[in-house]
file run.cif (mmCIF, C-alpha atoms)
data_my_file
#
loop_
_atom_site.label_atom_id
_atom_site.label_comp_id
_atom_site.auth_asym_id
_atom_site.auth_seq_id
_atom_site.Cartn_x
_atom_site.Cartn_y
_atom_site.Cartn_z
CA MET A 1 -120.91 -55.30 -74.23
CA SER A 2 -118.96 -57.85 -72.21
CA THR A 3 -115.72 -59.32 -73.43
CA ASP A 4 -117.31 -62.79 -73.59
CA ILE A 5 -119.96 -61.55 -76.02
CA LYS A 6 -117.33 -59.76 -78.12
CA ALA A 7 -115.17 -62.88 -78.25
CA TYR A 8 -118.18 -65.02 -79.15
CA ARG A 9 -119.21 -62.57 -81.87
CA LYS A 10 -115.68 -62.81 -83.31
CA THR A 11 -115.89 -66.61 -83.15
CA LEU A 12 -119.17 -66.60 -85.07
CA LYS A 13 -117.75 -64.31 -87.74
CA ARG A 14 -114.77 -66.64 -88.10
CA ARG A 15 -117.12 -69.62 -88.41
CA ILE A 16 -119.11 -67.86 -91.12
CA TRP A 17 -115.93 -67.21 -93.12
CA LEU A 18 -114.73 -70.80 -92.69
CA LEU A 19 -118.11 -72.18 -93.74
CA ALA A 20 -118.19 -69.90 -96.79
CA LEU A 21 -114.67 -71.00 -97.72
CA SER A 22 -115.72 -74.64 -97.28
CA CYS A 23 -118.69 -74.11 -99.62
CA ILE A 24 -116.35 -72.65 -102.25
CA LEU A 25 -113.96 -75.59 -101.81
CA ILE A 26 -116.79 -78.11 -102.25
CA VAL A 27 -117.83 -76.47 -105.52
CA ALA A 28 -114.19 -76.37 -106.68
CA TYR A 29 -113.75 -80.03 -105.66
CA THR A 30 -116.81 -81.00 -107.70
CA VAL A 31 -115.53 -79.16 -110.77
CA ILE A 32 -112.06 -80.70 -110.46
CA MET A 33 -113.50 -84.21 -110.02
CA THR A 34 -115.64 -83.72 -113.11
CA GLU A 35 -112.70 -82.46 -115.16
CA LEU A 36 -110.62 -85.47 -114.10
CA GLY A 37 -113.35 -87.79 -115.34
CA GLY A 38 -114.51 -89.00 -111.95
CA GLY A 39 -118.04 -90.26 -111.56
CA ASP A 40 -118.43 -91.50 -115.13
CA SER A 41 -121.90 -93.04 -115.14
CA ARG A 42 -120.78 -95.75 -117.59
CA HIS A 43 -118.47 -97.24 -114.95
CA ILE A 44 -119.94 -96.13 -111.62
CA PRO A 45 -123.08 -97.79 -110.20
CA PRO A 46 -126.04 -95.41 -109.71
CA MET A 47 -126.06 -95.99 -105.94
CA VAL A 48 -122.48 -94.74 -105.67
CA ILE A 49 -123.28 -91.62 -107.71
CA SER A 50 -126.40 -90.96 -105.62
CA TYR A 51 -124.51 -91.38 -102.37
CA GLY A 52 -121.70 -89.05 -103.46
CA SER A 53 -124.17 -86.44 -104.67
CA ALA A 54 -126.11 -86.66 -101.41
CA ILE A 55 -122.91 -86.14 -99.39
CA LEU A 56 -121.84 -83.12 -101.43
CA LEU A 57 -125.26 -81.48 -101.67
CA GLY A 58 -126.12 -82.34 -98.06
CA GLY A 59 -122.85 -80.83 -96.91
CA LEU A 60 -123.48 -77.67 -98.90
CA ALA A 61 -127.04 -77.36 -97.58
CA TYR A 62 -125.87 -77.87 -93.99
CA MET A 63 -123.13 -75.25 -94.30
CA ILE A 64 -125.41 -72.70 -95.96
CA GLY A 65 -127.98 -73.31 -93.21
CA LYS A 66 -125.32 -72.71 -90.54
CA ILE A 67 -124.17 -69.51 -92.28
CA ILE A 68 -127.75 -68.23 -92.27
CA HIS A 69 -128.21 -69.24 -88.63
CA TYR A 70 -124.97 -67.58 -87.46
CA SER A 71 -125.79 -64.44 -89.43
CA SER A 72 -129.17 -64.16 -87.74
CA VAL A 73 -127.57 -64.79 -84.33
CA LEU A 74 -125.11 -61.94 -84.93
CA LYS A 75 -127.98 -59.52 -85.60
CA ASP A 76 -129.89 -60.21 -82.36
CA LYS A 77 -128.17 -59.58 -78.99
CA GLY A 78 -130.60 -61.78 -77.06
CA LEU A 79 -130.16 -64.65 -79.46
CA LEU A 80 -126.39 -64.10 -79.38
CA ARG A 81 -126.29 -64.39 -75.58
CA GLU A 82 -128.63 -67.42 -75.57
CA ASN A 83 -126.57 -69.20 -78.23
CA MET A 84 -123.33 -68.46 -76.36
CA PHE A 85 -124.66 -69.98 -73.13
CA ARG A 86 -126.01 -73.02 -75.00
CA GLU A 87 -122.59 -73.66 -76.55
CA LYS A 88 -120.82 -73.31 -73.21
CA ASP A 89 -123.02 -75.91 -71.55
CA GLU A 90 -120.57 -78.17 -69.70
CA TYR A 91 -122.70 -81.30 -70.05
CA ARG A 92 -122.87 -80.94 -73.84
CA GLU A 93 -119.11 -80.40 -73.94
CA TYR A 94 -118.64 -83.50 -71.77
CA LEU A 95 -120.78 -85.61 -74.12
CA HIS A 96 -118.91 -84.28 -77.15
CA GLU A 97 -115.52 -85.10 -75.68
CA LYS A 98 -116.55 -88.53 -74.38
CA THR A 99 -117.90 -89.54 -77.81
CA GLY A 100 -114.73 -88.70 -79.73
CA GLY A 101 -114.79 -84.92 -79.83
CA ASP A 102 -113.10 -82.99 -82.58
CA VAL A 103 -110.80 -85.86 -83.56
CA TRP A 104 -113.81 -87.99 -84.48
CA THR A 105 -115.40 -85.11 -86.42
CA VAL A 106 -112.24 -84.47 -88.45
CA SER A 107 -111.80 -88.21 -89.10
CA TRP A 108 -115.43 -88.45 -90.23
CA VAL A 109 -115.10 -85.52 -92.65
CA LEU A 110 -111.83 -86.85 -94.08
CA GLY A 111 -113.47 -90.26 -94.45
CA LEU A 112 -116.37 -88.74 -96.37
CA ILE A 113 -113.97 -86.90 -98.67
CA ALA A 114 -112.04 -90.12 -99.27
CA LEU A 115 -115.29 -92.02 -99.86
CA VAL A 116 -116.50 -89.59 -102.51
CA THR A 117 -113.09 -89.21 -104.16
CA PHE A 118 -112.12 -92.87 -104.39
CA SER A 119 -115.57 -94.14 -105.26
CA ALA A 120 -115.70 -91.73 -108.22
CA PHE A 121 -112.79 -93.60 -109.78
CA TYR A 122 -112.95 -97.06 -108.17
CA PRO A 123 -116.55 -98.09 -107.35
CA GLU A 124 -115.45 -101.20 -105.43
CA MET A 125 -113.75 -98.96 -102.86
CA PHE A 126 -117.10 -97.35 -102.11
CA TYR A 127 -118.40 -100.36 -100.21
CA GLY A 128 -115.34 -100.66 -97.98
CA ALA A 129 -115.24 -96.95 -97.17
CA ALA A 130 -119.00 -96.90 -96.57
CA ALA A 131 -118.65 -99.83 -94.16
CA VAL A 132 -115.89 -98.05 -92.22
CA LEU A 133 -117.90 -94.80 -92.00
CA THR A 134 -121.00 -96.72 -90.93
CA CYS A 135 -119.00 -98.41 -88.16
CA MET A 136 -117.69 -95.01 -87.07
CA ALA A 137 -121.23 -93.57 -86.94
CA VAL A 138 -122.61 -96.56 -85.02
CA THR A 139 -119.72 -96.38 -82.54
CA LYS A 140 -120.27 -92.64 -82.02
CA ALA A 141 -124.00 -93.17 -81.52
CA GLY A 142 -123.35 -96.04 -79.09
CA PHE A 143 -120.95 -93.99 -76.98
CA TYR A 144 -123.33 -91.03 -77.04
CA LEU A 145 -126.25 -93.13 -75.85
CA TYR A 146 -124.11 -94.77 -73.18
CA PHE A 147 -122.81 -91.51 -71.74
CA ARG A 148 -126.17 -89.75 -72.13
CA PHE A 149 -128.42 -92.34 -70.50
CA ILE A 150 -126.42 -95.03 -68.72
CA HIS A 151 -123.29 -93.34 -67.38
CA ARG A 152 -124.80 -90.01 -66.34
CA VAL A 153 -122.58 -87.55 -64.51
CA GLY A 154 -123.97 -85.18 -61.90
#
call {"tool": "encode", "arguments": {"input": "run.cif", "output": "structure tokens"}}
result
Amino acid sequence: MSTDIKAYRKTLKRRIWLLALSCILIVAYTVIMTELGGGDSRHIPPMVISYGSAILLGGLAYMIGKIIHYSSVLKDKGLLRENMFREKDEYREYLHEKTGGDVWTVSWVLGLIALVTFSAFYPEMFYGAAAVLTCMAVTKAGFYLYFRFIHRVG
């Protein structure tokens, strides 16, 4: 087995552990928020509660899906090699970096956490945070479409 495949296998195992830890942290976050009295339905509009629940449950579902996917990739050498080459595609990396890269992703996740946390206690903050996150998503999509279709490289 080549060193690239071994390194990629190690990377996938690390991702699985990080995703599992993230799932545990989301459940712990939900319990802590409930214990602190956040999300009281007498004070929080139903739309805010629905949005927060969708973010938390959607995040959990996404992470569990990725754990299952990475586990199946680790079991099949052909799928492992194919997945490794797909991730190393230079054009995809170029698009990712040109549309904000990892900094945008971390900012987006921190924004979602702030949105859910603050809106559970102060519903009026929900609308401002949702507007900021919507602007971020529209900007990311705009840059992606620009670099994908208008400003093509190669």
call {"tool": "residues_around", "arguments": {"input": "run.cif", "residues": "stretch 72-82 of chain A", "least_positions_apart": "4", "cutoff": "7 Å", "atoms": "all atoms listed in the file", "output": "list of chain:residue names"}}
result
A:Ile5, A:Arg9, A:Ile68, A:Arg86
call {"tool": "residues_around", "arguments": {"input": "run.cif", "residues": "A:Phe143", "least_positions_apart": "6", "cutoff": "10 Å", "atoms": "all atoms listed in the file", "output": "PDB file with C-alpha atoms, keeping the file's coordinate frame"}}
result
ATOM      1  CA  LEU A  95    -120.780 -85.610 -74.120  1.00  0.00           C
ATOM      2  CA  HIS A  96    -118.910 -84.280 -77.150  1.00  0.00           C
ATOM      3  CA  LYS A  98    -116.550 -88.530 -74.380  1.00  0.00           C
ATOM      4  CA  THR A  99    -117.900 -89.540 -77.810  1.00  0.00           C
ATOM      5  CA  GLY A 100    -114.730 -88.700 -79.730  1.00  0.00           C
ATOM      6  CA  ALA A 137    -121.230 -93.570 -86.940  1.00  0.00           C
ATOM      7  CA  ILE A 150    -126.420 -95.030 -68.720  1.00  0.00           C
ATOM      8  CA  HIS A 151    -123.290 -93.340 -67.380  1.00  0.00           C
TER       9      HIS A 151
END
call {"tool": "resolve_selection", "arguments": {"input": "run.cif", "expression": "the PyMOL selection byres ((chain A and resi 12) around 10)", "output": "PDB file with C-alpha atoms, keeping the file's coordinate frame"}}
result
ATOM      1  CA  LYS A   6    -117.330 -59.760 -78.120  1.00  0.00           C
ATOM      2  CA  ALA A   7    -115.170 -62.880 -78.250  1.00  0.00           C
ATOM      3  CA  TYR A   8    -118.180 -65.020 -79.150  1.00  0.00           C
ATOM      4  CA  ARG A   9    -119.210 -62.570 -81.870  1.00  0.00           C
ATOM      5  CA  LYS A  10    -115.680 -62.810 -83.310  1.00  0.00           C
ATOM      6  CA  THR A  11    -115.890 -66.610 -83.150  1.00  0.00           C
ATOM      7  CA  LYS A  13    -117.750 -64.310 -87.740  1.00  0.00           C
ATOM      8  CA  ARG A  14    -114.770 -66.640 -88.100  1.00  0.00           C
ATOM      9  CA  ARG A  15    -117.120 -69.620 -88.410  1.00  0.00           C
ATOM     10  CA  ILE A  16    -119.110 -67.860 -91.120  1.00  0.00           C
ATOM     11  CA  TRP A  17    -115.930 -67.210 -93.120  1.00  0.00           C
ATOM     12  CA  LEU A  18    -114.730 -70.800 -92.690  1.00  0.00           C
ATOM     13  CA  ILE A  67    -124.170 -69.510 -92.280  1.00  0.00           C
ATOM     14  CA  TYR A  70    -124.970 -67.580 -87.460  1.00  0.00           C
ATOM     15  CA  SER A  71    -125.790 -64.440 -89.430  1.00  0.00           C
ATOM     16  CA  VAL A  73    -127.570 -64.790 -84.330  1.00  0.00           C
ATOM     17  CA  LEU A  74    -125.110 -61.940 -84.930  1.00  0.00           C
ATOM     18  CA  LEU A  80    -126.390 -64.100 -79.380  1.00  0.00           C
ATOM     19  CA  MET A  84    -123.330 -68.460 -76.360  1.00  0.00           C
TER      20      MET A  84
END
call {"tool": "closest_residue", "arguments": {"input": "run.cif", "among": "A:Met33, A:Leu133, A:Ala120, A:Val103", "to": "A:Met47", "atoms": "all atoms listed in the file"}}
result
A:Ala120
call {"tool": "resolve_selection", "arguments": {"input": "run.cif", "expression": "the PyMOL selection byres ((chain A and resi 109) around 12)", "output": "number ranges by chain"}}
result
A: 22, 55-56, 59, 102-108, 110-116, 133, 136-137
call {"tool": "atom_distance", "arguments": {"input": "run.cif", "atom1": "atom CA of A:Leu25", "atom2": "atom CA of A:Gly65"}}
result
16.6 Å
call {"tool": "axis_aligned_box", "arguments": {"input": "run.cif", "around": "stretch 19-25 of chain A", "padding_each_side": "3 Å", "output": "AutoDock Vina command-line options"}}
result
--center_x -116.3 --center_y -72.7 --center_z -98.0 --size_x 10.7 --size_y 11.7 --size_z 14.5
call {"tool": "atom_distance", "arguments": {"input": "run.cif", "atom1": "atom CA of A:Ser119", "atom2": "atom CA of A:Arg42"}}
result
13.5 Å
call {"tool": "closest_residue", "arguments": {"input": "run.cif", "among": "A:Glu87, A:Pro45, A:Ile64, A:Ser50", "to": "A:Leu19", "atoms": "all atoms listed in the file"}}
result
A:Ile64
call {"tool": "closest_residue", "arguments": {"input": "run.cif", "among": "A:Glu35, A:Asp4, A:Glu124, A:Glu93", "to": "A:Arg148", "atoms": "all atoms listed in the file"}}
result
A:Glu93
call {"tool": "closest_residue", "arguments": {"input": "run.cif", "among": "A:Asp89, A:Ser2, A:Ser53, A:Thr117", "to": "A:Gly38", "atoms": "only C-alpha atoms"}}
result
A:Thr117
call {"tool": "build_atoms", "arguments": {"input": "run.cif", "residues": "stretch 79-104 of chain A", "atoms": "N, CA and C atoms", "output": "short mmCIF file (atom, residue, chain, number, x, y, z; two decimals), in the coordinates of the input"}}
result
data_model
loop_
_atom_site.label_atom_id
_atom_site.label_comp_id
_atom_site.auth_asym_id
_atom_site.auth_seq_id
_atom_site.Cartn_x
_atom_site.Cartn_y
_atom_site.Cartn_z
N LEU A 79 -130.45 -63.36 -78.86
CA LEU A 79 -130.16 -64.65 -79.46
C LEU A 79 -128.66 -64.97 -79.37
N LEU A 80 -127.84 -63.94 -79.49
CA LEU A 80 -126.39 -64.10 -79.38
C LEU A 80 -126.02 -64.62 -77.99
N ARG A 81 -126.57 -63.99 -76.96
CA ARG A 81 -126.29 -64.39 -75.58
C ARG A 81 -126.81 -65.81 -75.32
N GLU A 82 -128.03 -66.10 -75.78
CA GLU A 82 -128.63 -67.42 -75.57
C GLU A 82 -127.79 -68.51 -76.26
N ASN A 83 -127.37 -68.24 -77.48
CA ASN A 83 -126.57 -69.20 -78.23
C ASN A 83 -125.22 -69.43 -77.56
N MET A 84 -124.62 -68.36 -77.03
CA MET A 84 -123.33 -68.46 -76.36
C MET A 84 -123.44 -69.36 -75.13
N PHE A 85 -124.49 -69.16 -74.33
CA PHE A 85 -124.66 -69.98 -73.13
C PHE A 85 -124.95 -71.44 -73.49
N ARG A 86 -125.70 -71.66 -74.57
CA ARG A 86 -126.01 -73.02 -75.00
C ARG A 86 -124.73 -73.75 -75.42
N GLU A 87 -123.84 -73.05 -76.11
CA GLU A 87 -122.59 -73.66 -76.55
C GLU A 87 -121.63 -73.93 -75.40
N LYS A 88 -121.73 -73.14 -74.34
CA LYS A 88 -120.82 -73.31 -73.21
C LYS A 88 -121.35 -74.29 -72.16
N ASP A 89 -122.44 -74.95 -72.47
CA ASP A 89 -123.02 -75.91 -71.55
C ASP A 89 -122.01 -77.04 -71.30
N GLU A 90 -121.61 -77.20 -70.05
CA GLU A 90 -120.57 -78.17 -69.70
C GLU A 90 -120.99 -79.61 -70.00
N TYR A 91 -122.25 -79.93 -69.82
CA TYR A 91 -122.70 -81.30 -70.05
C TYR A 91 -122.60 -81.65 -71.53
N ARG A 92 -122.98 -80.71 -72.39
CA ARG A 92 -122.87 -80.94 -73.84
C ARG A 92 -121.41 -81.09 -74.24
N GLU A 93 -120.54 -80.28 -73.66
CA GLU A 93 -119.11 -80.40 -73.94
C GLU A 93 -118.58 -81.76 -73.47
N TYR A 94 -119.04 -82.20 -72.31
CA TYR A 94 -118.64 -83.50 -71.77
C TYR A 94 -119.06 -84.62 -72.73
N LEU A 95 -120.30 -84.58 -73.19
CA LEU A 95 -120.78 -85.61 -74.12
C LEU A 95 -119.97 -85.59 -75.41
N HIS A 96 -119.68 -84.41 -75.91
CA HIS A 96 -118.91 -84.28 -77.15
C HIS A 96 -117.53 -84.90 -76.99
N GLU A 97 -116.87 -84.58 -75.90
CA GLU A 97 -115.52 -85.10 -75.68
C GLU A 97 -115.52 -86.61 -75.43
N LYS A 98 -116.50 -87.10 -74.69
CA LYS A 98 -116.55 -88.53 -74.38
C LYS A 98 -116.90 -89.37 -75.61
N THR A 99 -117.52 -88.78 -76.61
CA THR A 99 -117.90 -89.54 -77.81
C THR A 99 -116.95 -89.28 -78.97
N GLY A 100 -115.74 -88.84 -78.69
CA GLY A 100 -114.73 -88.70 -79.73
C GLY A 100 -114.30 -87.28 -79.99
N GLY A 101 -115.15 -86.33 -79.69
CA GLY A 101 -114.79 -84.92 -79.83
C GLY A 101 -114.41 -84.51 -81.24
N ASP A 102 -113.50 -83.57 -81.30
CA ASP A 102 -113.10 -82.99 -82.58
C ASP A 102 -112.31 -83.98 -83.43
N VAL A 103 -111.57 -84.87 -82.80
CA VAL A 103 -110.80 -85.86 -83.56
C VAL A 103 -111.74 -86.74 -84.37
N TRP A 104 -112.85 -87.17 -83.76
CA TRP A 104 -113.81 -87.99 -84.48
C TRP A 104 -114.43 -87.19 -85.63
#
